[in-house]
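Novice: Provided herewith: target-v5.csv, CSV, C-alpha atoms and all ligand atoms.
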```
chain,number,residue,atom,x,y,z
A,157,MET,CA,-32.3,66.1,-26.5
A,158,THR,CA,-33.2,62.9,-24.7
A,159,GLN,CA,-30.7,60.6,-26.4
A,160,ALA,CA,-26.9,61.1,-26.4
A,161,ALA,CA,-25.7,62.5,-29.7
A,162,SER,CA,-24.4,60.1,-32.3
A,163,VAL,CA,-20.6,60.4,-32.6
A,164,VAL,CA,-20.4,57.8,-35.4
A,165,SER,CA,-23.5,56.8,-37.4
A,166,ALA,CA,-23.2,54.2,-40.2
A,167,ARG,CA,-26.1,53.2,-42.5
A,168,ASP,CA,-25.7,50.3,-44.9
A,169,LEU,CA,-22.0,51.2,-45.2
A,170,CYS,CA,-20.2,49.3,-47.9
A,171,LEU,CA,-16.5,49.4,-48.9
A,172,THR,CA,-15.1,47.3,-51.7
A,173,TYR,CA,-11.4,47.4,-52.5
A,174,GLN,CA,-10.6,47.0,-56.2
A,175,ALA,CA,-7.8,44.5,-56.0
A,176,ASN,CA,-6.0,43.2,-59.2
A,177,ASP,CA,-7.7,39.8,-59.4
A,178,ALA,CA,-11.1,40.3,-57.7
A,179,PRO,CA,-12.9,42.9,-55.7
A,180,VAL,CA,-12.6,42.5,-51.9
A,181,HIS,CA,-15.8,43.3,-50.0
A,182,ALA,CA,-14.2,44.6,-46.8
A,183,LEU,CA,-17.4,46.1,-45.4
A,184,SER,CA,-20.9,45.0,-46.3
A,185,ASN,CA,-24.1,46.9,-45.1
A,186,VAL,CA,-22.7,47.9,-41.8
A,187,THR,CA,-25.3,49.8,-39.8
A,188,LEU,CA,-24.5,51.0,-36.3
A,189,ASP,CA,-24.4,54.0,-33.9
A,190,VAL,CA,-21.7,55.0,-31.6
A,191,ARG,CA,-23.1,57.4,-29.0
A,192,LYS,CA,-21.2,60.0,-27.0
A,193,GLY,CA,-19.4,58.4,-24.1
A,194,ASP,CA,-19.7,54.9,-25.5
A,195,PHE,CA,-16.8,52.5,-25.4
A,196,VAL,CA,-17.3,50.3,-28.5
A,197,SER,CA,-15.2,47.3,-29.3
A,198,PHE,CA,-15.0,45.8,-32.7
A,199,ILE,CA,-14.1,42.1,-32.6
A,200,GLY,CA,-13.7,39.5,-35.3
A,201,PRO,CA,-11.2,37.4,-37.2
A,202,SER,CA,-8.3,38.9,-39.2
A,203,GLY,CA,-9.6,40.4,-42.5
A,204,CYS,CA,-13.2,41.1,-41.4
A,205,GLY,CA,-12.8,44.8,-42.0
A,206,LYS,CA,-12.2,46.2,-38.5
A,207,THR,CA,-9.2,48.4,-39.6
A,208,THR,CA,-11.1,49.4,-42.7
A,209,PHE,CA,-14.1,50.6,-40.6
A,210,LEU,CA,-11.8,52.8,-38.4
A,211,ARG,CA,-10.1,54.1,-41.5
A,212,VAL,CA,-13.4,55.1,-43.0
A,213,ILE,CA,-14.3,57.0,-39.8
A,214,ALA,CA,-10.9,58.7,-40.0
A,215,ASP,CA,-11.3,59.6,-43.7
A,216,LEU,CA,-8.3,57.5,-44.6
A,217,GLU,CA,-10.5,55.3,-46.9
A,218,LYS,CA,-13.6,56.3,-48.9
A,219,LYS,CA,-16.9,54.3,-48.6
A,220,THR,CA,-18.2,52.7,-51.7
A,221,SER,CA,-21.9,53.2,-50.8
A,222,GLY,CA,-24.1,53.8,-47.8
A,223,ASP,CA,-23.8,56.6,-45.3
A,224,ILE,CA,-21.5,57.5,-42.5
A,225,THR,CA,-21.3,60.6,-40.3
A,226,VAL,CA,-18.8,61.6,-37.6
A,227,ASN,CA,-20.1,64.1,-35.1
A,228,GLY,CA,-22.8,64.8,-37.6
A,229,MET,CA,-20.3,65.7,-40.3
A,230,THR,CA,-18.8,63.8,-43.2
A,231,PRO,CA,-15.5,62.0,-42.3
A,232,GLY,CA,-13.6,64.6,-44.3
A,233,GLU,CA,-15.2,67.5,-42.4
A,234,ALA,CA,-14.5,65.7,-39.1
A,235,ARG,CA,-10.9,65.2,-40.0
A,236,GLN,CA,-10.6,69.0,-40.8
A,237,ALA,CA,-12.2,69.6,-37.3
A,238,ARG,CA,-9.6,67.3,-35.7
A,239,ALA,CA,-12.4,65.2,-34.2
A,240,TYR,CA,-10.4,62.2,-33.3
A,241,GLY,CA,-7.1,60.8,-32.1
A,242,TYR,CA,-5.9,57.6,-33.8
A,243,VAL,CA,-3.7,54.8,-32.4
A,244,PHE,CA,-2.4,52.7,-35.3
A,245,GLN,CA,-2.1,48.9,-35.2
A,246,ALA,CA,1.7,49.1,-35.4
A,247,PRO,CA,3.5,51.9,-33.5
A,248,ALA,CA,4.1,54.7,-36.0
A,249,LEU,CA,6.7,56.8,-34.2
A,250,TYR,CA,9.3,58.9,-36.0
A,251,PRO,CA,12.7,57.3,-35.3
A,252,TRP,CA,14.6,60.6,-35.4
A,253,ARG,CA,12.4,62.1,-32.7
A,254,THR,CA,12.6,61.4,-29.0
A,255,ILE,CA,9.4,60.1,-27.3
A,256,GLU,CA,8.5,63.5,-26.0
A,257,LYS,CA,9.1,65.1,-29.5
A,258,ASN,CA,7.0,62.4,-31.1
A,259,ILE,CA,4.1,63.2,-28.7
A,260,ALA,CA,4.7,66.9,-29.2
A,261,LEU,CA,4.3,66.7,-33.0
A,262,PRO,CA,0.5,66.8,-33.4
A,263,LEU,CA,0.4,69.5,-30.6
A,264,GLU,CA,3.0,71.6,-32.5
A,265,ILE,CA,1.0,71.3,-35.7
A,266,MET,CA,-2.1,72.5,-33.8
A,267,SER,CA,-0.1,75.4,-32.3
A,268,TYR,CA,-0.5,74.5,-28.6
A,269,PRO,CA,1.7,76.8,-26.5
A,270,ALA,CA,5.0,75.2,-25.2
A,271,ASP,CA,3.9,75.2,-21.6
A,272,ASP,CA,0.6,73.4,-22.4
A,273,ARG,CA,2.5,70.9,-24.6
A,274,LYS,CA,4.8,70.1,-21.8
A,275,LYS,CA,2.0,69.5,-19.4
A,276,ARG,CA,0.0,67.3,-21.8
A,277,ILE,CA,3.1,65.2,-22.7
A,278,ALA,CA,3.8,64.6,-19.0
A,279,GLU,CA,0.2,63.6,-18.3
A,280,ALA,CA,0.0,61.3,-21.3
A,281,LEU,CA,3.3,59.6,-20.5
A,282,ASP,CA,2.1,59.1,-16.9
A,283,LEU,CA,-1.1,57.5,-18.1
A,284,VAL,CA,0.8,54.8,-20.1
A,285,SER,CA,3.5,54.4,-17.4
A,286,LEU,CA,6.3,55.9,-19.5
A,287,SER,CA,7.3,58.8,-17.2
A,288,GLY,CA,11.1,59.1,-17.3
A,289,PHE,CA,11.4,58.0,-21.0
A,290,GLU,CA,10.9,61.4,-22.5
A,291,LYS,CA,14.4,61.7,-23.9
A,292,LYS,CA,14.6,58.2,-25.3
A,293,PHE,CA,14.4,57.4,-29.0
A,294,PRO,CA,11.8,54.9,-30.1
A,295,TRP,CA,14.5,52.3,-31.0
A,296,GLN,CA,15.6,52.4,-27.3
A,297,LEU,CA,12.2,51.1,-26.2
A,298,SER,CA,10.6,47.6,-26.5
A,299,GLY,CA,7.8,47.1,-29.0
A,300,GLY,CA,5.3,47.3,-26.2
A,301,MET,CA,6.7,50.5,-24.9
A,302,GLN,CA,6.6,52.0,-28.4
A,303,GLN,CA,3.0,51.2,-28.7
A,304,ARG,CA,2.3,52.8,-25.3
A,305,ALA,CA,4.1,55.9,-26.5
A,306,SER,CA,1.9,56.1,-29.6
A,307,ILE,CA,-1.2,55.7,-27.3
A,308,ALA,CA,0.2,58.7,-25.3
A,309,ARG,CA,0.5,60.6,-28.5
A,310,ALA,CA,-3.2,60.1,-29.3
A,311,LEU,CA,-4.2,60.9,-25.7
A,312,ALA,CA,-2.1,64.1,-25.5
A,313,PHE,CA,-4.2,65.4,-28.4
A,314,ASP,CA,-7.3,65.3,-26.2
A,315,ALA,CA,-9.9,64.8,-29.0
A,316,ASP,CA,-13.3,63.6,-27.8
A,317,LEU,CA,-13.1,60.5,-30.0
A,318,LEU,CA,-10.3,58.0,-29.8
A,319,LEU,CA,-9.9,55.4,-32.5
A,320,MET,CA,-7.7,52.5,-31.3
A,321,ASP,CA,-6.6,49.7,-33.6
A,322,GLU,CA,-5.5,46.7,-31.5
A,323,PRO,CA,-3.4,49.0,-29.4
A,324,PHE,CA,-2.5,46.4,-26.8
A,325,GLY,CA,-2.1,43.4,-29.2
A,326,ALA,CA,1.6,43.3,-28.8
A,327,LEU,CA,1.8,43.7,-25.1
A,328,ASP,CA,2.2,41.0,-22.4
A,329,GLU,CA,-0.8,40.2,-20.4
A,330,ILE,CA,0.2,42.0,-17.2
A,331,VAL,CA,1.0,45.2,-19.0
A,332,ARG,CA,-2.2,44.8,-21.0
A,333,ASP,CA,-4.3,44.4,-17.8
A,334,HIS,CA,-2.8,47.5,-16.3
A,335,LEU,CA,-3.4,49.5,-19.5
A,336,ASN,CA,-6.9,48.2,-19.8
A,337,GLU,CA,-7.6,49.5,-16.3
A,338,GLU,CA,-5.9,52.8,-17.0
A,339,LEU,CA,-7.9,53.2,-20.2
A,340,LEU,CA,-11.2,52.6,-18.4
A,341,LYS,CA,-10.2,55.2,-15.7
A,342,LEU,CA,-9.2,57.7,-18.4
A,343,TRP,CA,-12.5,57.1,-20.3
A,344,ALA,CA,-14.5,57.6,-17.1
A,345,ARG,CA,-12.7,60.8,-16.2
A,346,THR,CA,-12.8,62.4,-19.6
A,347,ASN,CA,-16.1,61.1,-21.0
A,348,LYS,CA,-14.3,60.3,-24.3
A,349,THR,CA,-15.9,58.1,-26.9
A,350,ILE,CA,-13.7,55.2,-27.8
A,351,CYS,CA,-13.8,52.9,-30.9
A,352,PHE,CA,-11.5,50.0,-30.1
A,353,VAL,CA,-10.4,47.1,-32.2
A,354,THR,CA,-9.3,43.9,-30.6
A,355,HIS,CA,-8.9,40.1,-31.1
A,356,SER,CA,-9.4,39.4,-27.5
A,357,ILE,CA,-12.8,38.4,-26.1
A,358,PRO,CA,-12.0,39.2,-22.5
A,359,GLU,CA,-10.5,42.5,-23.4
A,360,ALA,CA,-13.6,43.4,-25.5
A,361,VAL,CA,-16.0,42.4,-22.7
A,362,TYR,CA,-14.0,44.1,-19.9
A,363,LEU,CA,-13.7,47.4,-21.7
A,364,SER,CA,-16.9,47.9,-23.6
A,365,THR,CA,-20.3,49.4,-23.2
A,366,LYS,CA,-21.1,48.0,-26.7
A,367,ILE,CA,-19.4,45.1,-28.5
A,368,VAL,CA,-19.7,44.8,-32.3
A,369,VAL,CA,-19.0,41.2,-33.5
A,370,MET,CA,-17.9,41.0,-37.1
A,371,SER,CA,-17.3,38.3,-39.7
A,372,PRO,CA,-15.2,38.2,-42.8
A,373,ARG,CA,-16.0,37.9,-46.5
A,374,PRO,CA,-17.9,40.0,-46.8
A,375,GLY,CA,-17.1,42.0,-43.6
A,376,ARG,CA,-20.4,42.4,-41.9
A,377,VAL,CA,-21.8,42.8,-38.3
A,378,THR,CA,-23.2,39.5,-36.9
A,379,ASP,CA,-24.1,40.9,-33.4
A,380,ILE,CA,-24.2,44.1,-31.4
A,381,ILE,CA,-24.2,43.6,-27.7
A,382,ASP,CA,-25.1,46.3,-25.2
A,383,SER,CA,-23.2,45.4,-22.1
A,384,PRO,CA,-25.2,45.3,-18.8
A,385,LEU,CA,-21.9,45.6,-16.8
A,386,PRO,CA,-21.5,48.8,-14.7
A,387,ARG,CA,-19.2,51.4,-16.1
A,388,GLU,CA,-16.9,51.1,-13.1
A,389,ARG,CA,-15.1,47.7,-13.4
A,390,PRO,CA,-12.5,46.2,-11.2
A,391,LEU,CA,-10.4,43.6,-13.0
A,392,ASP,CA,-12.0,40.7,-11.1
A,393,ILE,CA,-15.3,41.5,-12.7
A,394,ARG,CA,-13.9,39.1,-15.4
A,395,GLU,CA,-14.8,36.2,-13.1
A,396,SER,CA,-18.5,37.2,-12.6
A,397,PRO,CA,-21.4,35.3,-14.2
A,398,GLU,CA,-22.5,38.4,-16.1
A,399,PHE,CA,-19.1,38.8,-17.6
A,400,LEU,CA,-18.9,35.1,-18.7
A,401,GLU,CA,-22.4,35.3,-20.2
A,402,ILE,CA,-21.4,38.2,-22.4
A,403,ALA,CA,-18.2,36.5,-23.4
A,404,HIS,CA,-20.2,33.5,-24.3
A,405,ARG,CA,-22.5,35.5,-26.5
A,406,VAL,CA,-19.5,37.1,-28.3
A,407,ARG,CA,-18.1,33.6,-28.9
A,408,GLU,CA,-21.4,32.5,-30.4
A,409,GLY,CA,-21.5,35.6,-32.7
A,410,LEU,CA,-18.0,34.8,-33.9
A,411,ARG,CA,-19.0,31.2,-34.5
A,412,ALA,CA,-22.1,32.2,-36.4
A,413,GLY,CA,-20.0,34.4,-38.7
A,414,HIS,CA,-17.7,31.5,-39.3
A,415,SER,CA,-20.4,29.0,-40.3
A,416,TYR,CA,-21.8,31.6,-42.7
A,417,GLU,CA,-18.7,30.9,-44.9
A,418,HIS,CA,-19.5,27.2,-45.3
A,501,LIG,P1,-9.0,43.5,-40.2
A,501,LIG,O1,-8.5,44.8,-39.6
A,501,LIG,O2,-10.3,43.1,-39.6
A,501,LIG,O3,-8.0,42.4,-40.1
A,501,LIG,P2,-8.9,44.9,-42.7
A,501,LIG,O4,-9.9,46.0,-42.6
A,501,LIG,O5,-7.5,45.3,-42.6
A,501,LIG,O6,-9.3,43.7,-41.7
A,501,LIG,O7,-9.1,44.2,-44.1
A,501,LIG,C1,-10.4,43.7,-44.6
A,501,LIG,C2,-10.2,43.0,-46.0
A,501,LIG,O8,-9.8,44.0,-46.9
A,501,LIG,C3,-9.1,42.0,-45.9
A,501,LIG,O9,-9.5,40.9,-46.8
A,501,LIG,C4,-7.9,42.7,-46.5
A,501,LIG,O10,-7.0,41.8,-47.2
A,501,LIG,C5,-8.6,43.7,-47.5
A,501,LIG,N1,-7.8,44.9,-47.7
A,501,LIG,C6,-7.4,45.8,-46.8
A,501,LIG,N2,-6.9,46.9,-47.3
A,501,LIG,C7,-6.8,46.7,-48.7
A,501,LIG,C8,-6.4,47.4,-49.8
A,501,LIG,N3,-5.8,48.6,-49.6
A,501,LIG,N4,-6.5,46.9,-51.0
A,501,LIG,C9,-7.1,45.7,-51.2
A,501,LIG,N5,-7.6,44.9,-50.2
A,501,LIG,C10,-7.5,45.4,-48.9
A,502,MG,MG,-6.7,45.3,-38.6
```
Mind converting the file's structure to structure tokens?
Specialist:
Amino acid sequence: MTQAASVVSARDLCLTYQANDAPVHALSNVTLDVRKGDFVSFIGPSGCGKTTFLRVIADLEKKTSGDITVNGMTPGEARQARAYGYVFQAPALYPWRTIEKNIALPLEIMSYPADDRKKRIAEALDLVSLSGFEKKFPWQLSGGMQQRASIARALAFDADLLLMDEPFGALDEIVRDHLNEELLKLWARTNKTICFVTHSIPEAVYLSTKIVVMSPRPGRVTDIIDSPLPRERPLDIRESPEFLEIAHRVREGLRAGHSYEH
């Protein structure tokens, strides 16, 4: 094979929610490929279908028409094969479980041996700078720390595909910078494929090999940008002309989507 395999492949994908008053066209003719090892960001205003797209990949919503495959399978088959880890937009931790027990849960369900679970939990907590918080309950952590714990839970699972829905949206900028850097290192080390939803242009440009710009009503793709930046990126790359050029193009794409409505 000369080309990296498609991890996610969407062709004319449409999803219409049947709301009470009128149908909501959340996704309209979305066509794109996510290749193995890609870091793909989805950026666009609130309501443009970013979460819906991740949920279709994860088999949490059903497409209305078009085609989508995940690792060459239907989303349902990929879910059965535990093809992905999912970080939800809001931290979804069980309040009655400690942080380590929250991270352990999917590993327990998958019957990982206790030793292995312990090792994975320690590594995942280290990656999100939460070592030492194993025995705390979610309510004892700040909102940002809770979100880091749910990232750790998706990481511990060690699936090749990570779906992340605005995972750093609630964090302050310093923590976010640190986690962005850590995420890039993790991605480089593990060759994971990442689909990442964000509102932040600098975050999308800093992290991604491919940026998918979306617009609302109907949710569609206005631009797909293949980043020329090297895969290894110090934080100060954000001041380089190449970086600012891509950021400019994203902004243009967002603007084009906006004028479409008028
Ligand atoms: P984003 O994540 O980009 O903010 P969403 O994918 O959450 O957007 O939503 C896309 C559109 O679909 C929005 O207009 C939203 O209100 C609508 N929507 C999302 N989920 C449902 C649902 N279960 N029923 C009806 N409409 C929905
Ligand atoms: Mg969303």
Novice: For Gln245 in chain A, which residue out of A:Thr208, A:Thr220, A:Ser371, A:Ser364 is the nearest one, using only C-alpha atoms?
Specialist: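 Answer, going by the shortest atom-to-atom distance: A:Thr208.
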Novice: Mind pulling up the distance from CA of Lys348 in chain A to CA of Leu318 in chain A?
Specialist: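 Taking CA of Leu318 in chain A and CA of Lys348 in chain A, their separation equals 7.2 Å.
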Novice: So which residues touch Pro231 in chain A within 9 Å, counting all atoms listed in the file, skipping near sequence neighbours fewer than 6 positions away, as an MDAnalysis selection string?
Specialist: chainID A and resid 212:216 218 224:225
Novice: Can you spit out the residues from that selection as a short mmCIF file (atom, residue, chain, number, x, y, z; two decimals), keeping the file's coordinate frame, using C-alpha atoms?
Specialist:
```cif
data_model
loop_
_atom_site.label_atom_id
_atom_site.label_comp_id
_atom_site.auth_asym_id
_atom_site.auth_seq_id
_atom_site.Cartn_x
_atom_site.Cartn_y
_atom_site.Cartn_z
CA VAL A 212 -13.40 55.10 -43.00
CA ILE A 213 -14.30 57.00 -39.80
CA ALA A 214 -10.90 58.70 -40.00
CA ASP A 215 -11.30 59.60 -43.70
CA LEU A 216 -8.30 57.50 -44.60
CA LYS A 218 -13.60 56.30 -48.90
CA ILE A 224 -21.50 57.50 -42.50
CA THR A 225 -21.30 60.60 -40.30
#
```
Novice: Within 10 Å of Lys341 in chain A, counting only C-alpha atoms, which residues show up once you throw out same-chain ones fewer than 5 positions away? Write them as a list in words, please.
Specialist: Leu283, Leu335, Asn336, Thr346, Asn347, Arg387, Glu388 and Arg389 of chain A
Novice: Could you please extract the residues within 8 Å of ligand LIG 501 (chain A), counting only C-alpha atoms and all ligand atoms, and hand them back as a PyMOL selection string?
Specialist: chain A and resi 172-175+179-183+200-209+321+353+372-373+375
Novice: With only C-alpha atoms as the atoms that count, which of A:Glu398, A:Glu338, A:Glu322, A:Asp194 lies nearest to Ala161 in chain A?
Specialist: A:Asp194
Novice: Quick one: of A:Thr187, A:Val243, A:Trp252, A:Glu290, who's nearest to ligand MG 502 (chain A), counting all atoms listed in the file?
Specialist: A:Val243
Novice: Please determine, counting all atoms listed in the file, which residue among A:Asp189, A:Trp343, A:Ala246, A:Arg167 has the shortest atom-to-atom distance to ligand MG 502 (chain A).
Specialist: A:Ala246
Novice: Name the closest residue to Phe352 in chain A among the candidates A:Leu261, A:Tyr268, A:Tyr242, A:Ala326; distances are taken between atoms, counting only C-alpha atoms.
Specialist: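 Counting only C-alpha atoms, the residue closest to Phe352 in chain A is A:Tyr242.
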Novice: So what do you get for CA of Arg394 in chain A versus CA of Leu188 in chain A, distance-wise?
Specialist: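 Those two atoms sit 26.3 Å apart.
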Novice: What is the CA of Ala166 in chain A to CA of Gly193 in chain A distance in Å?
Specialist: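 These two atoms are separated by 17.1 Å.
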Novice: Which is closest to Leu263 in chain A among A:Ala305, A:Leu249, A:Leu286, A:Ala315, if we use all atoms listed in the file?
Specialist: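 Under the stated criterion, the closest residue is A:Ala315.
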Novice: What lies within 12 Å of Ile350 in chain A using all atoms listed in the file, ignoring chain neighbours under 5 positions off, as a PyMOL selection string?
Specialist: chain A and resi 163-164+190-198+210+239-243+310-311+315-321+339-340+342-344+363-367
Novice: Excluding Trp295 in chain A and its own-chain neighbours fewer than 2 positions away, which residues fall within 12 Å of it when counting only C-alpha atoms? Please give them as a list in words.
Specialist: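 That gives Pro247, Ala248, Leu249, Tyr250, Pro251, Trp252, Arg253, Thr254, Ile255, Phe289, Lys291, Lys292, Phe293, Leu297, Ser298, Gly299, Gly300, Met301, Gln302, Gln303 and Ala305 of chain A.
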Novice: Show which residues sit within 12 Å of Glu408 in chain A, as a VMD selection string. Count only C-alpha atoms, and ignore same-chain residues fewer than 2 positions away.
Specialist: chain A and resid 200 357 369 to 371 378 to 381 401 to 406 410 to 415
Novice: Would you mind exporting the chosen residues as an mmCIF file, keeping the file's coordinate frame, restricted to C-alpha atoms?
Specialist:
```cif
data_model
loop_
_atom_site.group_PDB
_atom_site.id
_atom_site.type_symbol
_atom_site.label_atom_id
_atom_site.label_comp_id
_atom_site.auth_asym_id
_atom_site.auth_seq_id
_atom_site.Cartn_x
_atom_site.Cartn_y
_atom_site.Cartn_z
ATOM 1 C CA GLY A 200 -13.700 39.500 -35.300
ATOM 2 C CA ILE A 357 -12.800 38.400 -26.100
ATOM 3 C CA VAL A 369 -19.000 41.200 -33.500
ATOM 4 C CA MET A 370 -17.900 41.000 -37.100
ATOM 5 C CA SER A 371 -17.300 38.300 -39.700
ATOM 6 C CA THR A 378 -23.200 39.500 -36.900
ATOM 7 C CA ASP A 379 -24.100 40.900 -33.400
ATOM 8 C CA ILE A 380 -24.200 44.100 -31.400
ATOM 9 C CA ILE A 381 -24.200 43.600 -27.700
ATOM 10 C CA GLU A 401 -22.400 35.300 -20.200
ATOM 11 C CA ILE A 402 -21.400 38.200 -22.400
ATOM 12 C CA ALA A 403 -18.200 36.500 -23.400
ATOM 13 C CA HIS A 404 -20.200 33.500 -24.300
ATOM 14 C CA ARG A 405 -22.500 35.500 -26.500
ATOM 15 C CA VAL A 406 -19.500 37.100 -28.300
ATOM 16 C CA LEU A 410 -18.000 34.800 -33.900
ATOM 17 C CA ARG A 411 -19.000 31.200 -34.500
ATOM 18 C CA ALA A 412 -22.100 32.200 -36.400
ATOM 19 C CA GLY A 413 -20.000 34.400 -38.700
ATOM 20 C CA HIS A 414 -17.700 31.500 -39.300
ATOM 21 C CA SER A 415 -20.400 29.000 -40.300
#
```
Novice: Which centre and which edge lengths, in Å to one decimal, describe the axis-aligned box that holds all listed atoms of range 346-357 of chain A after 4 Å is added on each side, as lines of an AutoDock Vina configuration file?
Specialist:
```
center_x = -12.5
center_y = 50.4
center_z = -25.9
size_x = 15.2
size_y = 32.0
size_z = 20.6
```
Novice: For range 191-208 of chain A, where the input has fewer atoms than it should, I would like N, CA, C and O atoms rebuilt and written as a JSON list (two decimals), in the coordinates of the input.
Specialist:
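What follows is the written file out.json:
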```
[["chain", "number", "residue", "atom", "x", "y", "z"],
["A", 191, "ARG", "N", -22.59, 56.22, -29.66],
["A", 191, "ARG", "CA", -23.10, 57.40, -29.00],
["A", 191, "ARG", "C", -22.02, 58.05, -28.13],
["A", 191, "ARG", "O", -21.07, 57.38, -27.72],
["A", 192, "LYS", "N", -22.21, 59.32, -27.82],
["A", 192, "LYS", "CA", -21.20, 60.00, -27.00],
["A", 192, "LYS", "C", -20.99, 59.33, -25.71],
["A", 192, "LYS", "O", -21.94, 58.96, -25.03],
["A", 193, "GLY", "N", -19.74, 59.10, -25.38],
["A", 193, "GLY", "CA", -19.40, 58.40, -24.10],
["A", 193, "GLY", "C", -19.37, 56.93, -24.19],
["A", 193, "GLY", "O", -18.99, 56.28, -23.23],
["A", 194, "ASP", "N", -19.75, 56.35, -25.34],
["A", 194, "ASP", "CA", -19.70, 54.90, -25.50],
["A", 194, "ASP", "C", -18.23, 54.42, -25.57],
["A", 194, "ASP", "O", -17.34, 55.14, -26.01],
["A", 195, "PHE", "N", -18.04, 53.18, -25.15],
["A", 195, "PHE", "CA", -16.80, 52.50, -25.40],
["A", 195, "PHE", "C", -17.16, 51.28, -26.26],
["A", 195, "PHE", "O", -17.76, 50.32, -25.78],
["A", 196, "VAL", "N", -16.87, 51.38, -27.55],
["A", 196, "VAL", "CA", -17.30, 50.30, -28.50],
["A", 196, "VAL", "C", -16.12, 49.53, -28.96],
["A", 196, "VAL", "O", -15.14, 50.08, -29.46],
["A", 197, "SER", "N", -16.21, 48.21, -28.78],
["A", 197, "SER", "CA", -15.20, 47.30, -29.30],
["A", 197, "SER", "C", -15.65, 46.65, -30.57],
["A", 197, "SER", "O", -16.81, 46.26, -30.67],
["A", 198, "PHE", "N", -14.73, 46.49, -31.51],
["A", 198, "PHE", "CA", -15.00, 45.80, -32.70],
["A", 198, "PHE", "C", -14.14, 44.49, -32.66],
["A", 198, "PHE", "O", -12.92, 44.56, -32.53],
["A", 199, "ILE", "N", -14.82, 43.35, -32.71],
["A", 199, "ILE", "CA", -14.10, 42.10, -32.60],
["A", 199, "ILE", "C", -14.46, 41.18, -33.74],
["A", 199, "ILE", "O", -15.63, 41.15, -34.18],
["A", 200, "GLY", "N", -13.48, 40.45, -34.24],
["A", 200, "GLY", "CA", -13.70, 39.50, -35.30],
["A", 200, "GLY", "C", -12.38, 39.03, -35.85],
["A", 200, "GLY", "O", -11.35, 39.61, -35.53],
["A", 201, "PRO", "N", -12.41, 37.97, -36.66],
["A", 201, "PRO", "CA", -11.20, 37.40, -37.20],
["A", 201, "PRO", "C", -10.43, 38.36, -38.08],
["A", 201, "PRO", "O", -11.02, 39.31, -38.60],
["A", 202, "SER", "N", -9.18, 38.08, -38.29],
["A", 202, "SER", "CA", -8.30, 38.90, -39.20],
["A", 202, "SER", "C", -8.99, 38.98, -40.55],
["A", 202, "SER", "O", -9.50, 38.00, -41.08],
["A", 203, "GLY", "N", -9.04, 40.18, -41.10],
["A", 203, "GLY", "CA", -9.60, 40.40, -42.50],
["A", 203, "GLY", "C", -11.06, 40.65, -42.52],
["A", 203, "GLY", "O", -11.64, 40.69, -43.60],
["A", 204, "CYS", "N", -11.71, 40.87, -41.37],
["A", 204, "CYS", "CA", -13.20, 41.10, -41.40],
["A", 204, "CYS", "C", -13.53, 42.56, -41.58],
["A", 204, "CYS", "O", -14.71, 42.91, -41.59],
["A", 205, "GLY", "N", -12.54, 43.43, -41.68],
["A", 205, "GLY", "CA", -12.80, 44.80, -42.00],
["A", 205, "GLY", "C", -12.79, 45.79, -40.81],
["A", 205, "GLY", "O", -13.22, 46.93, -40.92],
["A", 206, "LYS", "N", -12.21, 45.35, -39.69],
["A", 206, "LYS", "CA", -12.20, 46.20, -38.50],
["A", 206, "LYS", "C", -11.32, 47.46, -38.75],
["A", 206, "LYS", "O", -11.76, 48.58, -38.48],
["A", 207, "THR", "N", -10.13, 47.25, -39.27],
["A", 207, "THR", "CA", -9.20, 48.40, -39.60],
["A", 207, "THR", "C", -9.88, 49.28, -40.63],
["A", 207, "THR", "O", -9.86, 50.51, -40.53],
["A", 208, "THR", "N", -10.48, 48.64, -41.63],
["A", 208, "THR", "CA", -11.10, 49.40, -42.70],
["A", 208, "THR", "C", -12.21, 50.32, -42.12],
["A", 208, "THR", "O", -12.30, 51.49, -42.50]]
```
